[in-house]
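Below is one structure, written out as structure tokens, with a few remarks after it.
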Amino acid sequence: MKIAATLPLVICAAVLLLGIPSTPLRAQTAPAAWTAFEKIWGGIAAYSATIAIFEREGTQVQSSVLDYTFSKPANATVHFVAGKNNGVTVVWNGSDTVTAHRGSGLTALFKKTFSLHDPAVTSIRGSSIDELSFAGFIAHAKGTPGIVSESAGPTILGIPTEAVTLVPTSSATNTGITREIVDLSLATNLPIRVLGYEGETLVREIDFSNVKLQPLPSKT
């Protein structure tokens with residue numbers, strides 16, 4: 001059973017073809033929309049969302065819909081509700097392994113442990129559950145050399161967005177993706193859509209809906 005888990009929801013920029021030095025996002029002046037995203041994320045303890053994922057790898061195409069929950073510091077559960085792995089649940093608790101099972105009730109007792117990046121629990125482009133969280137996106141942006149840009153994004157389901165784009169210095173460090181775009185809601189400052197391109201070809205699309213947030217307890 002091939003369990004397609006998740007993908008790196010990441011951030012954007014402009015290409016490095018002329019030897020211009022590039023640095024990770026935090027070493028640059030972060031786009032205003034990205035700074036707002038980080039600020040909002042700092043006040044969130046946990047969240048859940050419905051995520052629709054499309055990926056292309058060569059001639060292979062994979063689409064999934066999943067229910068996703070995350071709680072700080074590093075706990076995530078993915079339950080596939082449509083696609084090849086319909087009915088599969090993958091759980092990660094911050095370690096270098098995940099557990100997976102199919103179904104509920106007694107059948108859910110039959111769990112199997114995998115390495116976090118075992119091909120059995122990664123997407124067709126090699127992404128795993130740890131890379132799908134908002135925290136994962138921020139960490140990816142900070143650690144990926146490239147040039148970042150910001151522009152007005154598309155209106156998605158009636159919601160205006162700001163687009164943050166990253167073109168990594170080396171696509172080899174980014175699973176072959178040469179340009180990434182994160183569309184951030186102007187209403188919530190959270191990602192609505194993440195796109196990944198290999199050249200001019202769209203090879204990854206992640207769409208978020210039904211996002212429900214649990215804020216950190218207020219300090220007294």
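Naming works like this for the structure tokens: A, B, ... for the chains as they're shown, residue 1 at the start of each chain, ligands 1 onward in shown order.
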Problem set entry | Surrounding residues of region 201-210 of chain A excluding itself and chain neighbours under 2 positions, 9 Å, only C-alpha atoms, as a PyMOL selection string | chain A and resi 7+9+48-57+61+125+177+191-199+212
How about saving the chosen residues, C-alpha atoms kept, as an mmCIF file, in the first residue's frame?
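Okay, this is what ended up in selection-v6.cif:
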data_model
loop_
_atom_site.group_PDB
_atom_site.id
_atom_site.type_symbol
_atom_site.label_atom_id
_atom_site.label_comp_id
_atom_site.auth_asym_id
_atom_site.auth_seq_id
_atom_site.Cartn_x
_atom_site.Cartn_y
_atom_site.Cartn_z
ATOM 1 C CA LEU A 7 3.989 18.000 0.924
ATOM 2 C CA LEU A 9 3.763 23.949 1.745
ATOM 3 C CA SER A 48 -7.351 21.598 11.580
ATOM 4 C CA ALA A 49 -8.058 21.903 7.860
ATOM 5 C CA THR A 50 -9.305 20.111 4.801
ATOM 6 C CA ILE A 51 -6.479 19.865 2.288
ATOM 7 C CA ALA A 52 -6.746 18.961 -1.397
ATOM 8 C CA ILE A 53 -3.416 17.944 -2.946
ATOM 9 C CA PHE A 54 -2.403 17.456 -6.562
ATOM 10 C CA GLU A 55 1.067 16.252 -7.595
ATOM 11 C CA ARG A 56 2.745 15.293 -10.839
ATOM 12 C CA GLU A 57 5.983 13.319 -11.149
ATOM 13 C CA VAL A 61 -0.389 12.078 -11.372
ATOM 14 C CA ARG A 125 7.340 13.683 -5.080
ATOM 15 C CA ILE A 177 10.742 22.327 -7.763
ATOM 16 C CA PRO A 191 -2.040 30.093 3.368
ATOM 17 C CA ILE A 192 -4.976 29.312 1.099
ATOM 18 C CA ARG A 193 -3.031 27.746 -1.766
ATOM 19 C CA VAL A 194 0.519 26.580 -2.393
ATOM 20 C CA LEU A 195 1.811 25.991 -5.923
ATOM 21 C CA GLY A 196 5.017 24.298 -7.028
ATOM 22 C CA TYR A 197 6.468 24.444 -10.536
ATOM 23 C CA GLU A 198 9.151 22.493 -12.345
ATOM 24 C CA GLY A 199 10.083 24.929 -15.083
ATOM 25 C CA LYS A 212 -10.182 26.021 12.295
#
Exercise. Which one is closest to Phe37 (chain A): A:Ser185, A:Thr144, A:Asn75, A:Thr155? Count only C-alpha atoms.
Worked result: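 The answer is A:Ser185, which sits nearest to Phe37 (chain A).
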Step one, run DSSP on the backbone; step two, keep only residues of region 2-211 of chain A assigned to helix (DSSP H, G or I); then write them as an mmCIF file with C-alpha atoms, in the first residue's frame.
data_model
loop_
_atom_site.group_PDB
_atom_site.id
_atom_site.type_symbol
_atom_site.label_atom_id
_atom_site.label_comp_id
_atom_site.auth_asym_id
_atom_site.auth_seq_id
_atom_site.Cartn_x
_atom_site.Cartn_y
_atom_site.Cartn_z
ATOM 1 C CA LEU A 25 14.154 34.027 3.725
ATOM 2 C CA ARG A 26 14.982 35.058 7.300
ATOM 3 C CA ALA A 27 18.371 36.448 6.214
ATOM 4 C CA ALA A 32 5.155 41.925 4.682
ATOM 5 C CA ALA A 33 2.594 39.194 4.010
ATOM 6 C CA TRP A 34 5.011 36.518 5.199
ATOM 7 C CA THR A 35 5.849 38.483 8.341
ATOM 8 C CA ALA A 36 2.115 38.721 9.072
ATOM 9 C CA PHE A 37 1.786 34.948 8.569
ATOM 10 C CA GLU A 38 4.607 34.257 11.037
ATOM 11 C CA LYS A 39 3.049 36.623 13.578
ATOM 12 C CA ILE A 40 -0.363 34.921 13.354
ATOM 13 C CA TRP A 41 1.278 31.493 13.564
ATOM 14 C CA GLY A 42 3.060 32.527 16.745
ATOM 15 C CA GLY A 105 -12.714 0.421 15.225
ATOM 16 C CA LEU A 106 -10.978 -2.937 15.525
ATOM 17 C CA THR A 107 -9.277 -2.596 12.147
ATOM 18 C CA ALA A 108 -7.551 0.584 13.348
ATOM 19 C CA LEU A 109 -5.724 -1.491 15.962
ATOM 20 C CA PRO A 119 8.481 5.753 0.283
ATOM 21 C CA ALA A 120 5.402 4.013 1.693
ATOM 22 C CA VAL A 121 4.396 7.162 3.586
ATOM 23 C CA ILE A 129 3.641 14.527 6.858
ATOM 24 C CA ASP A 130 6.145 16.730 8.703
ATOM 25 C CA GLU A 131 6.383 19.091 5.722
ATOM 26 C CA PHE A 134 2.322 25.846 8.718
ATOM 27 C CA ALA A 135 5.384 25.381 10.927
ATOM 28 C CA GLY A 136 6.927 23.247 8.181
ATOM 29 C CA PHE A 137 6.334 25.960 5.593
ATOM 30 C CA ILE A 138 8.016 28.572 7.757
ATOM 31 C CA ALA A 139 10.990 26.302 8.473
ATOM 32 C CA HIS A 140 11.342 25.489 4.772
ATOM 33 C CA ALA A 141 11.337 29.155 3.852
ATOM 34 C CA LYS A 142 13.983 30.003 6.426
ATOM 35 C CA GLY A 143 16.242 27.165 5.314
ATOM 36 C CA SER A 171 16.037 22.807 -7.283
ATOM 37 C CA ALA A 172 17.903 19.691 -6.135
ATOM 38 C CA THR A 173 17.473 20.844 -2.535
ATOM 39 C CA ASN A 174 13.755 21.339 -3.119
#
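When the distance limit is 7 Å and only C-alpha atoms are what count, the residues near region 110-117 of chain A, minus those fewer than 5 positions from it on the same chain, are Asp96, Thr97, Val98, Thr99, Ala100, His101, Thr122 and Ser128 of chain A.
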Problem set entry | Spatial neighbours of Gly153 (chain A), max dist 7 Å, only C-alpha atoms, sep filter under 3 positions, as a count of residues only | 4
Exercise. Using only C-alpha atoms, which residues sit within 10 Å of Leu66 (chain A) once same-chain residues fewer than 4 positions away are excluded, as a count of residues only?
Worked result: 19
For this session: Using only C-alpha atoms, find the one residue out of A:Thr165, A:Pro160, A:Glu200, A:Ser127 that sits nearest to Thr188 (chain A).
Result: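 Among the listed residues, A:Pro160 lies closest to Thr188 (chain A).
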Problem set entry | Pick from A:Gly94, A:Gly176, A:Val167, A:Ile147 nearest to Gly126 (chain A), counting only C-alpha atoms |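 Between A:Gly94, A:Gly176, A:Val167, A:Ile147, the residue approaching Gly126 (chain A) most closely is A:Gly176.
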For this session: Give the strand (DSSP E or B) residues of region 14-220 of chain A, as assigned by DSSP on the backbone, as a PyMOL selection string.
Result: chain A and resi 14+23+44-57+60-71+75-83+88-92+97-102+112-115+146-152+156+159+161-168+179-185+191-198+201-215
Exercise. If you measure from CA of Arg102 (chain A) to CA of Leu213 (chain A), what distance in Å do you get, rounded to one decimal?
Worked result: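 Here the two named atoms are 26.7 Å from each other.
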For this session: Quote the spacing between CA of Ile181 (chain A) and CA of Val65 (chain A) in Å to one decimal place.
Result: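 Answer for the CA of Ile181 (chain A) to CA of Val65 (chain A) separation: 20.2 Å.
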